[in-house]
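structure.cif, holding mmCIF, C-alpha atoms:
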data_protein
loop_
_atom_site.label_atom_id
_atom_site.label_comp_id
_atom_site.auth_asym_id
_atom_site.auth_seq_id
_atom_site.Cartn_x
_atom_site.Cartn_y
_atom_site.Cartn_z
CA MET A 1 -1.07 69.71 216.16
CA ARG A 2 -2.79 72.87 217.35
CA PHE A 3 -1.16 72.48 220.76
CA TYR A 4 2.33 72.34 219.19
CA LEU A 5 1.50 75.39 217.08
CA PHE A 6 0.42 77.12 220.25
CA ILE A 7 3.69 76.36 222.08
CA ILE A 8 5.90 77.32 219.12
CA SER A 9 4.16 80.65 218.56
CA LEU A 10 4.23 81.41 222.30
CA SER A 11 8.00 80.80 222.44
CA LEU A 12 8.69 82.94 219.37
CA ILE A 13 6.65 85.89 220.58
CA THR A 14 8.22 85.71 224.05
CA LEU A 15 11.69 85.88 222.51
CA VAL A 16 10.80 88.82 220.28
CA SER A 17 9.14 90.77 223.09
CA CYS A 18 12.25 90.61 225.30
CA SER A 19 14.03 93.38 223.38
CA ASP A 20 14.13 96.81 225.00
CA GLY A 21 15.52 99.93 223.30
CA ASN A 22 18.61 101.54 224.74
CA GLY A 23 20.60 104.76 224.38
CA CYS A 24 19.72 108.40 223.76
CA TYR A 25 19.62 109.39 220.09
CA ASP A 26 17.79 112.73 220.45
CA SER A 27 19.23 116.15 221.10
CA VAL A 28 18.81 117.54 224.62
CA ASP A 29 20.83 120.74 224.08
CA THR A 30 18.48 123.71 223.92
CA LEU A 31 20.22 126.62 222.23
CA MET A 32 18.88 129.84 220.71
CA VAL A 33 20.25 130.16 217.19
CA THR A 34 21.38 133.76 216.68
CA SER A 35 22.73 135.46 213.58
CA PHE A 36 24.91 138.57 213.60
CA SER A 37 24.73 140.67 210.42
CA VAL A 38 25.62 144.13 209.20
CA ASN A 39 23.26 146.59 207.54
CA ASP A 40 25.89 148.55 205.64
CA SER A 41 29.61 148.64 205.01
CA LEU A 42 30.48 147.72 208.61
CA GLN A 43 32.51 144.56 208.81
CA ILE A 44 32.45 142.29 211.85
CA LYS A 45 36.16 141.73 212.37
CA SER A 46 35.82 140.19 215.79
CA LEU A 47 32.94 138.95 217.93
CA VAL A 48 33.18 138.01 221.60
CA ILE A 49 30.06 136.91 223.52
CA LYS A 50 29.83 136.44 227.27
CA GLY A 51 26.89 135.84 229.56
CA ILE A 52 26.12 138.70 231.93
CA ASP A 53 27.10 137.84 235.51
CA ARG A 54 29.24 135.05 234.12
CA ASN A 55 32.48 136.96 233.74
CA ALA A 56 34.78 134.39 235.26
CA MET A 57 37.62 132.97 233.23
CA GLY A 58 36.51 130.37 230.75
CA ASP A 59 32.97 131.67 230.56
CA THR A 60 33.36 133.24 227.14
CA LEU A 61 30.74 131.72 224.88
CA VAL A 62 32.13 132.96 221.56
CA ASN A 63 35.53 134.36 220.62
CA ASP A 64 35.51 134.72 216.84
CA LEU A 65 38.30 136.73 215.23
CA ASP A 66 37.50 135.96 211.58
CA SER A 67 36.18 138.79 209.41
CA THR A 68 32.80 137.96 207.89
CA LEU A 69 29.60 139.77 207.01
CA THR A 70 27.35 137.33 208.85
CA LYS A 71 28.01 135.10 211.82
CA ARG A 72 25.71 132.53 213.36
CA TYR A 73 25.95 131.04 216.86
CA PRO A 74 23.71 128.98 219.13
CA LEU A 75 23.43 130.60 222.58
CA PRO A 76 22.21 129.03 225.84
CA LEU A 77 19.41 130.69 227.81
CA SER A 78 19.07 130.94 231.58
CA LEU A 79 17.48 128.01 233.39
CA SER A 80 16.42 129.89 236.53
CA ALA A 81 15.66 133.50 235.48
CA ASP A 82 13.01 134.81 233.08
CA SER A 83 15.58 136.79 231.11
CA THR A 84 19.08 136.17 229.83
CA GLY A 85 21.72 138.84 229.28
CA PHE A 86 24.71 138.76 226.98
CA VAL A 87 27.62 141.13 226.46
CA LEU A 88 28.33 141.38 222.74
CA GLU A 89 31.77 142.74 221.91
CA VAL A 90 31.90 143.57 218.21
CA ASN A 91 35.18 145.01 216.93
CA GLY A 92 36.11 145.81 220.53
CA LYS A 93 32.93 147.76 221.34
CA LYS A 94 30.70 146.28 224.04
CA ASP A 95 26.90 146.21 223.91
CA THR A 96 24.37 144.34 225.98
CA LEU A 97 21.42 142.29 224.86
CA TYR A 98 18.63 140.99 227.09
CA ILE A 99 16.27 138.22 225.99
CA ARG A 100 13.01 137.87 227.91
CA HIS A 101 11.57 134.36 227.92
CA SER A 102 9.47 131.75 229.69
CA MET A 103 10.66 128.17 230.12
CA ILE A 104 9.25 124.75 230.90
CA MET A 105 11.07 121.45 231.13
CA MET A 106 9.80 119.04 228.49
CA PHE A 107 10.28 115.32 228.32
CA ILE A 108 12.32 114.07 225.35
CA SER A 109 12.47 110.33 225.92
CA GLU A 110 13.06 107.85 228.71
CA ASN A 111 16.68 107.45 227.63
CA CYS A 112 17.37 111.15 227.08
CA GLY A 113 15.34 112.66 229.92
CA PHE A 114 14.19 116.27 229.91
CA ALA A 115 15.28 119.45 228.14
CA PRO A 116 14.17 123.08 228.54
CA ASN A 117 11.78 124.63 226.00
CA TYR A 118 11.63 128.41 225.84
CA ILE A 119 9.32 130.99 224.36
CA VAL A 120 11.06 134.27 223.60
CA SER A 121 8.74 137.15 224.45
CA GLY A 122 10.89 140.27 224.16
CA ILE A 123 14.26 141.86 223.48
CA ARG A 124 16.14 144.81 224.99
CA HIS A 125 19.51 146.11 223.81
CA THR A 126 21.89 149.03 224.04
CA ALA A 127 22.34 151.66 221.30
CA GLY A 128 25.36 150.07 219.67
CA ILE A 129 23.11 147.37 218.22
CA ASP A 130 21.15 148.68 215.24
CA SER A 131 18.15 146.32 215.50
CA VAL A 132 17.08 142.84 216.62
CA LYS A 133 14.40 140.75 214.94
CA ILE A 134 12.73 137.72 216.49
CA LYS A 135 12.31 135.18 213.70
CA ASP A 136 11.12 132.19 215.75
CA THR A 137 9.98 132.53 219.36
CA LYS A 138 10.25 128.79 220.08
CA VAL A 139 13.62 127.64 221.35
CA ASN A 140 13.86 123.91 221.87
CA PRO A 141 16.34 121.05 221.30
CA GLN A 142 15.50 121.03 217.58
CA SER A 143 16.38 124.72 217.15
CA LYS A 144 20.08 124.11 216.61
CA GLU A 145 19.20 121.97 213.59
CA LYS A 146 17.77 124.96 211.76
CA ASN A 147 19.21 125.48 208.29
CA THR A 148 21.71 128.26 207.67
CA ASN A 149 19.11 130.82 206.55
CA ASP A 150 16.91 130.25 209.56
CA GLN A 151 17.42 131.35 213.17
CA ASN A 152 15.57 132.33 216.34
CA ILE A 153 16.81 135.91 216.40
CA SER A 154 18.79 138.12 214.03
CA ILE A 155 20.99 140.91 215.36
CA TYR A 156 21.97 143.74 212.99
CA PHE A 157 24.84 146.18 213.35
CA SER A 158 25.42 149.35 211.31
CA SER A 159 28.18 151.93 211.04
CA ALA A 160 25.88 154.65 212.37
CA ALA A 161 24.82 152.75 215.48
CA HIS A 162 28.24 151.27 216.11
CA LYS A 163 30.18 154.55 216.50
CA MET B 1 -43.99 32.51 241.85
CA THR B 2 -42.02 34.71 244.21
CA LYS B 3 -38.81 33.36 242.67
CA ILE B 4 -40.03 34.39 239.20
CA LEU B 5 -40.99 37.87 240.47
CA ALA B 6 -37.64 38.27 242.24
CA SER B 7 -35.62 37.27 239.18
CA THR B 8 -37.73 39.63 236.99
CA LEU B 9 -37.00 42.51 239.40
CA VAL B 10 -33.26 41.73 239.35
CA LEU B 11 -33.29 41.72 235.54
CA LEU B 12 -35.17 45.04 235.47
CA LEU B 13 -32.68 46.57 237.93
CA ILE B 14 -29.68 45.34 235.91
CA SER B 15 -31.17 46.67 232.68
CA SER B 16 -31.94 50.03 234.30
CA PHE B 17 -28.33 50.29 235.63
CA GLN B 18 -27.04 49.50 232.16
CA GLY B 19 -29.22 52.27 230.74
CA PHE B 20 -27.94 54.70 233.35
CA SER B 21 -24.31 53.88 232.67
CA GLN B 22 -24.91 54.35 228.92
CA LYS B 23 -26.37 57.80 229.67
CA LYS B 24 -23.30 58.71 231.74
CA ALA B 25 -21.04 57.91 228.79
CA GLU B 26 -22.72 60.50 226.60
CA VAL B 27 -20.44 63.28 225.34
CA TRP B 28 -21.49 66.80 226.20
CA ARG B 29 -19.91 70.11 225.35
CA TYR B 30 -19.52 72.28 228.44
CA GLU B 31 -19.39 76.01 228.19
CA GLY B 32 -19.48 78.94 230.56
CA PRO B 33 -17.81 82.15 231.65
CA ARG B 34 -14.05 82.03 231.80
CA ILE B 35 -11.95 84.05 234.22
CA GLY B 36 -8.20 84.34 234.26
CA MET B 37 -5.10 86.27 235.08
CA ASP B 38 -2.46 87.81 232.86
CA LEU B 39 0.83 86.20 233.88
CA SER B 40 2.95 88.47 231.72
CA ARG B 41 2.29 91.35 234.16
CA PHE B 42 4.44 89.41 236.63
CA LEU B 43 7.16 88.70 234.03
CA ILE B 44 7.53 92.26 232.72
CA PRO B 45 9.59 93.56 235.72
CA TYR B 46 12.30 91.08 234.74
CA MET B 47 12.18 91.94 231.01
CA GLN B 48 12.17 95.75 230.96
CA LYS B 49 13.85 98.72 232.60
CA GLY B 50 12.19 100.48 235.49
CA LYS B 51 10.13 98.93 238.24
CA ARG B 52 6.89 97.97 236.55
CA ASN B 53 4.41 96.01 238.63
CA GLY B 54 0.76 95.27 238.22
CA TRP B 55 -2.01 92.79 237.81
CA GLU B 56 -4.72 92.13 235.29
CA ILE B 57 -7.78 89.90 235.39
CA GLN B 58 -9.58 88.86 232.25
CA ALA B 59 -13.04 87.39 231.79
CA ASP B 60 -15.07 86.27 228.82
CA VAL B 61 -18.39 84.56 228.19
CA PRO B 62 -19.25 82.47 225.14
CA TYR B 63 -21.89 83.80 222.81
CA LYS B 64 -23.17 81.64 219.97
CA GLY B 65 -20.15 79.37 220.35
CA ASN B 66 -17.55 81.40 218.48
CA TYR B 67 -17.91 84.87 219.99
CA PHE B 68 -16.48 85.82 223.37
CA PRO B 69 -17.43 89.22 224.82
CA THR B 70 -14.47 90.10 226.99
CA PHE B 71 -13.76 92.35 229.95
CA GLU B 72 -10.29 93.07 231.31
CA LEU B 73 -9.40 95.03 234.43
CA GLY B 74 -5.97 95.87 235.80
CA MET B 75 -3.69 98.13 237.75
CA GLN B 76 -0.10 99.14 237.10
CA TRP B 77 2.65 100.90 239.01
CA PHE B 78 5.73 102.22 237.20
CA ASP B 79 8.81 103.72 238.82
CA ASP B 80 11.76 104.68 236.65
CA LYS B 81 14.87 106.30 238.10
CA ARG B 82 17.28 107.55 235.45
CA ASP B 83 20.18 109.96 235.20
CA GLY B 84 18.56 113.36 235.64
CA PHE B 85 15.02 112.41 236.56
CA HIS B 86 12.79 110.08 238.56
CA TYR B 87 9.44 109.30 236.91
CA LYS B 88 6.48 107.69 238.66
CA ASN B 89 3.20 106.62 237.14
CA SER B 90 0.32 104.52 238.45
CA GLY B 91 -3.27 103.87 237.53
CA THR B 92 -6.22 101.62 236.80
CA TYR B 93 -7.42 100.49 233.41
CA ALA B 94 -10.23 98.51 231.83
CA ARG B 95 -10.87 97.09 228.40
CA LEU B 96 -14.11 95.96 226.85
CA GLY B 97 -14.36 94.06 223.61
CA VAL B 98 -15.03 90.80 221.84
CA ASP B 99 -12.97 87.90 220.51
CA MET B 100 -14.03 85.80 217.54
CA ASN B 101 -12.81 82.24 217.08
CA ILE B 102 -11.60 81.73 213.52
CA VAL B 103 -10.97 77.97 213.48
CA LYS B 104 -13.34 75.03 213.42
CA PHE B 105 -13.93 73.05 216.61
CA GLU B 106 -12.93 69.49 215.80
CA SER B 107 -15.17 67.78 218.34
CA LEU B 108 -17.56 68.52 221.17
CA LYS B 109 -14.63 68.34 223.59
CA ASP B 110 -12.46 70.67 221.54
CA HIS B 111 -12.34 74.15 223.10
CA ASP B 112 -9.03 75.38 221.65
CA LEU B 113 -9.34 78.83 220.15
CA VAL B 114 -7.46 80.84 217.59
CA PHE B 115 -9.09 84.23 217.68
CA ILE B 116 -9.07 87.79 216.48
CA GLY B 117 -10.67 90.53 218.49
CA ALA B 118 -11.09 94.19 219.23
CA ARG B 119 -11.04 96.21 222.42
CA TYR B 120 -11.84 99.66 223.67
CA GLY B 121 -9.54 100.67 226.52
CA TYR B 122 -9.70 103.38 229.16
CA SER B 123 -7.10 104.26 231.76
CA ALA B 124 -7.21 106.72 234.67
CA PHE B 125 -3.74 107.32 236.02
CA ASN B 126 -1.44 109.86 237.58
CA GLN B 127 2.18 110.74 236.96
CA GLU B 128 4.86 112.84 238.55
CA THR B 129 8.55 113.52 238.07
CA ASP B 130 10.98 114.50 240.77
CA SER B 131 14.74 114.83 241.06
CA LEU B 132 14.69 116.47 237.64
CA SER B 133 17.99 118.17 236.89
CA TYR B 134 19.45 119.84 233.80
CA SER B 135 22.70 121.72 233.31
CA ASN B 136 23.95 124.23 230.79
CA TYR B 137 26.27 127.25 230.64
CA TRP B 138 24.13 129.12 233.18
CA GLY B 139 24.21 126.42 235.83
CA THR B 140 22.02 123.56 236.97
CA VAL B 141 18.29 123.61 237.56
CA ASN B 142 16.76 121.14 240.01
CA THR B 143 13.04 120.97 239.71
CA SER B 144 10.05 118.62 239.60
CA VAL B 145 6.84 118.12 237.67
CA PRO B 146 3.98 117.86 240.18
CA LEU B 147 1.50 114.98 240.42
CA ARG B 148 -1.12 115.17 237.73
CA THR B 149 -4.18 113.00 237.17
CA MET B 150 -4.69 112.01 233.56
CA SER B 151 -6.73 109.68 231.38
CA ALA B 152 -6.34 107.88 228.08
CA HIS B 153 -8.62 106.17 225.57
CA TRP B 154 -7.45 103.70 222.98
CA ALA B 155 -8.52 100.90 220.65
CA GLU B 156 -6.87 97.51 220.22
CA LEU B 157 -6.72 94.81 217.61
CA VAL B 158 -6.07 91.41 219.14
CA PHE B 159 -4.81 88.11 217.80
CA GLY B 160 -4.31 85.12 220.07
CA MET B 161 -4.76 81.50 221.01
CA LYS B 162 -6.27 79.73 223.98
CA GLY B 163 -5.72 76.04 224.56
CA GLU B 164 -7.43 73.80 227.11
CA LEU B 165 -4.54 72.25 229.04
CA PHE B 166 -6.84 70.01 231.07
CA SER B 167 -10.50 70.03 231.91
CA ASN B 168 -11.69 73.66 232.17
CA PHE B 169 -8.16 75.07 232.61
CA PHE B 170 -6.79 77.14 229.73
CA LEU B 171 -3.46 78.67 228.79
CA GLY B 172 -3.46 81.45 226.24
CA TRP B 173 -1.56 84.33 224.71
CA THR B 174 -2.49 87.46 222.84
CA LEU B 175 -0.62 89.85 220.60
CA ARG B 176 -2.12 93.32 220.53
CA ALA B 177 -1.72 96.40 218.37
CA LYS B 178 -2.87 99.47 220.27
CA PHE B 179 -4.12 102.69 218.76
CA PRO B 180 -4.17 105.67 221.15
CA LEU B 181 -7.29 107.80 220.60
CA SER B 182 -6.78 110.52 223.19
CA VAL B 183 -4.48 111.24 226.11
CA THR B 184 -4.78 114.15 228.54
CA HIS B 185 -2.24 116.80 227.61
CA ASP B 186 0.46 117.63 230.11
CA PRO B 187 2.60 120.61 229.05
CA ASN B 188 5.70 119.18 230.72
CA ILE B 189 5.68 115.50 229.99
CA LYS B 190 3.81 113.29 227.63
CA PRO B 191 3.37 110.08 229.67
CA TYR B 192 5.77 107.55 228.23
CA ILE B 193 3.91 104.68 229.72
CA ILE B 194 0.16 104.42 230.25
CA PRO B 195 -1.36 101.67 232.40
CA GLY B 196 -3.08 99.20 230.08
CA LEU B 197 -1.85 100.89 226.92
CA GLY B 198 1.89 100.53 227.40
CA LYS B 199 4.70 102.64 226.04
CA THR B 200 3.80 105.66 223.97
CA THR B 201 7.18 106.09 222.32
CA THR B 202 5.73 104.61 219.13
CA ASP B 203 2.50 105.59 217.37
CA VAL B 204 1.15 102.03 217.52
CA PRO B 205 2.48 100.23 220.60
CA PHE B 206 2.40 96.44 220.56
CA ASP B 207 1.82 94.29 223.59
CA PHE B 208 2.03 90.63 224.37
CA SER B 209 0.34 88.77 227.20
CA ILE B 210 0.20 85.23 228.52
CA GLY B 211 -2.73 84.18 230.68
CA VAL B 212 -4.18 81.25 232.57
CA TYR B 213 -7.93 80.84 232.76
CA TYR B 214 -10.58 78.73 234.43
CA ARG B 215 -13.91 78.09 232.77
CA PHE B 216 -16.98 77.62 234.92
CA PRO B 217 -18.82 74.79 233.11
CA ILE B 218 -22.32 76.15 233.70
CA PHE B 219 -23.91 75.20 230.38
CA ARG B 220 -23.84 71.94 228.49
CA THR B 221 -24.88 71.18 224.99
CA LYS B 222 -24.50 68.67 222.22
CA LYS B 223 -24.46 71.37 219.64
CA LEU B 224 -21.08 72.06 218.07
CA PRO B 225 -20.76 75.73 217.11
CA LYS B 226 -20.81 76.26 213.38
CA PRO B 227 -17.52 77.58 212.01
CA ILE B 228 -17.62 81.24 211.09
CA LYS B 229 -17.77 81.78 207.35
CA VAL B 230 -14.83 83.91 206.32
CA GLY B 231 -15.32 85.99 203.18
CA GLY B 232 -18.76 84.48 202.48
CA THR B 233 -17.48 81.00 201.62
CA LYS B 234 -19.05 77.96 203.20
CA HIS B 235 -16.71 76.12 205.55
CA PRO B 236 -16.08 72.55 204.31
CA GLY B 237 -16.38 71.18 207.86
CA GLY B 238 -19.98 72.26 208.22
CA ASN B 239 -21.46 68.78 207.67
CA ASP B 240 -19.02 66.56 209.47
CA GLN B 241 -19.93 63.86 211.93
CA ASN B 242 -19.62 66.10 214.92
CA ASN B 243 -22.62 68.00 213.75
CA LEU B 244 -24.90 64.97 213.78
CA ASN B 245 -26.12 66.01 217.19
CA ASN B 246 -26.57 69.62 216.26
CA GLN B 247 -30.21 69.58 217.34
CA GLY B 248 -29.20 69.40 221.01
CA SER B 249 -30.15 72.20 223.33
CA TYR B 250 -28.37 73.94 226.18
CA ASP B 251 -28.93 72.59 229.69
CA ASN B 252 -28.56 75.10 232.42
CA GLY B 253 -26.89 73.85 235.58
CA ARG B 254 -27.19 70.14 234.79
CA TYR B 255 -23.61 69.08 235.16
#
With the file now loaded, output its structure as structure tokens.
Amino acid sequence: MRFYLFIISLSLITLVSCSDGNGCYDSVDTLMVTSFSVNDSLQIKSLVIKGIDRNAMGDTLVNDLDSTLTKRYPLPLSLSADSTGFVLEVNGKKDTLYIRHSMIMMFISENCGFAPNYIVSGIRHTAGIDSVKIKDTKVNPQSKEKNTNDQNISIYFSSAAHK
Amino acid sequence: MTKILASTLVLLLISSFQGFSQKKAEVWRYEGPRIGMDLSRFLIPYMQKGKRNGWEIQADVPYKGNYFPTFELGMQWFDDKRDGFHYKNSGTYARLGVDMNIVKFESLKDHDLVFIGARYGYSAFNQETDSLSYSNYWGTVNTSVPLRTMSAHWAELVFGMKGELFSNFFLGWTLRAKFPLSVTHDPNIKPYIIPGLGKTTTDVPFDFSIGVYYRFPIFRTKKLPKPIKVGGTKHPGGNDQNNLNNQGSYDNGRY
């Protein structure tokens, strides 16, 4: 009796243990969530974002022509350099923004592979941008799931600075 | 007179042979250290993704009939080539623990076990990743994570069975729940497989093994181990016929 119990349980467990998970269900896109807001009566009628040194056709990251007070976009950071530059064209006026960061590749899962994880350490920008605040220095694949009131950096424009 | 003496001698010889043959028919319980090999290590390459090879030897010794202090030693090599990365991991592991038989032995010749047990496990291993590539708007990065030596500690709860297929040869299986206690931190990659511990994608990895074992019958006894009392209740089989010879003692090397 015990022998039969042994064989039955062995067969059942062998069958169950044969399953192996498949497919990638985690995010591997690492994007820095950035909000664009105004400090006064300035209205953002258009916003175009391009990566510096990526001016070829089709390399425009954002081309938003809707008028709103606040806009929010996830932006990719450089994989090979320790800083990333963007040209921000608000209402036709161009400014530049540089993000300084460090990066390591981190493992997500065996099915998804690796994704970059950044730490934002500093910001530089031209005078047309009023101010930039770093809200969360960690940029990872979960960043783009932040809720609408949360972001990695906030960029503010004002009438005075945007002349 | 000589005829009488000769016939008396023949009778004595016959009676002594009869006595000897009766002694040979006595039933003994043989016990001793058991050594075996985990066969599932050879089956895993056919059941899971990635090249996963290894070996594991297992040994236990009986203690007071129902307890089996256990030692397990193994090695594992893992090589997983996926889209975007190539991960390699290899190392040695050992486990130390004890199994406790939870069923009554039905006779002196019954050695089948249903057991629960616990283990402490330690693994020293290294891992590296090459051919790592990732692409985004800014281009593609091709990089690698260099070889790093790591270690892991964990605890296991074990449930299993061992059955004596034929004299001194056993077949058994175990189901194990593993509880990682500590793993060396690598900033780039948490090892997703650890030799001896298994996959770390879940908090409590489960493992299953099938083994074959040989018992060295070094000790013999007529004493049937008393069933372990579970929850303080007396086992009803404690006074059965098999225990009539419970006053027997162990014989070392007399096989």
Item to check | Target residues per the PyMOL selection byres ((chain B) within 7 of (chain A)), formatted as a VMD selection string | outcome: chain B and resid 47 to 48 84 to 85 137 to 138 141 161 163 173 188 to 190
Item to check | Test item: residues at most 9 Å from Asn142 (chain B), all atoms listed in the file, excluding those fewer than 3 positions along its chain, as number ranges by chain | outcome: B: 130-135
Close residues, His125 (chain A) itself excluded, 12 Å, all atoms listed in the file, min 5 positions apart in chain, as a PDB file with C-alpha atoms, in the frame of the given file:
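Contents of around24.pdb, freshly written:
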ATOM      1  CA  THR A  84      19.080 136.170 229.830  1.00  0.00           C
ATOM      2  CA  GLY A  85      21.720 138.840 229.280  1.00  0.00           C
ATOM      3  CA  PHE A  86      24.710 138.760 226.980  1.00  0.00           C
ATOM      4  CA  VAL A  87      27.620 141.130 226.460  1.00  0.00           C
ATOM      5  CA  LEU A  88      28.330 141.380 222.740  1.00  0.00           C
ATOM      6  CA  LYS A  94      30.700 146.280 224.040  1.00  0.00           C
ATOM      7  CA  ASP A  95      26.900 146.210 223.910  1.00  0.00           C
ATOM      8  CA  THR A  96      24.370 144.340 225.980  1.00  0.00           C
ATOM      9  CA  LEU A  97      21.420 142.290 224.860  1.00  0.00           C
ATOM     10  CA  TYR A  98      18.630 140.990 227.090  1.00  0.00           C
ATOM     11  CA  ILE A  99      16.270 138.220 225.990  1.00  0.00           C
ATOM     12  CA  ARG A 100      13.010 137.870 227.910  1.00  0.00           C
ATOM     13  CA  ASP A 130      21.150 148.680 215.240  1.00  0.00           C
ATOM     14  CA  SER A 131      18.150 146.320 215.500  1.00  0.00           C
ATOM     15  CA  VAL A 132      17.080 142.840 216.620  1.00  0.00           C
ATOM     16  CA  LYS A 133      14.400 140.750 214.940  1.00  0.00           C
ATOM     17  CA  ILE A 155      20.990 140.910 215.360  1.00  0.00           C
ATOM     18  CA  TYR A 156      21.970 143.740 212.990  1.00  0.00           C
ATOM     19  CA  PHE A 157      24.840 146.180 213.350  1.00  0.00           C
ATOM     20  CA  ALA A 161      24.820 152.750 215.480  1.00  0.00           C
TER      21      ALA A 161
END
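Look at Thr68 (chain A): the protein and nucleic acid residues within 9 Å of it, using all atoms listed in the file and passing over chain neighbours fewer than 4 places away, are Ser37, Gln43, Ile44, Lys45 and Ser46 of chain A.
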Next on the checklist: I want to know what sits within 10 Å of Ala160 (chain A), based on all atoms listed in the file, with residues of the same chain fewer than 5 positions away left out; could you give that as a VMD selection string?
Outcome noted: chain A and resid 39 to 40 42 128 to 130
Checklist outcome for this item: Separating CA of Ser159 (chain A) from CA of Val48 (chain A), to the nearest tenth of an Å, is a gap of 18.2 Å
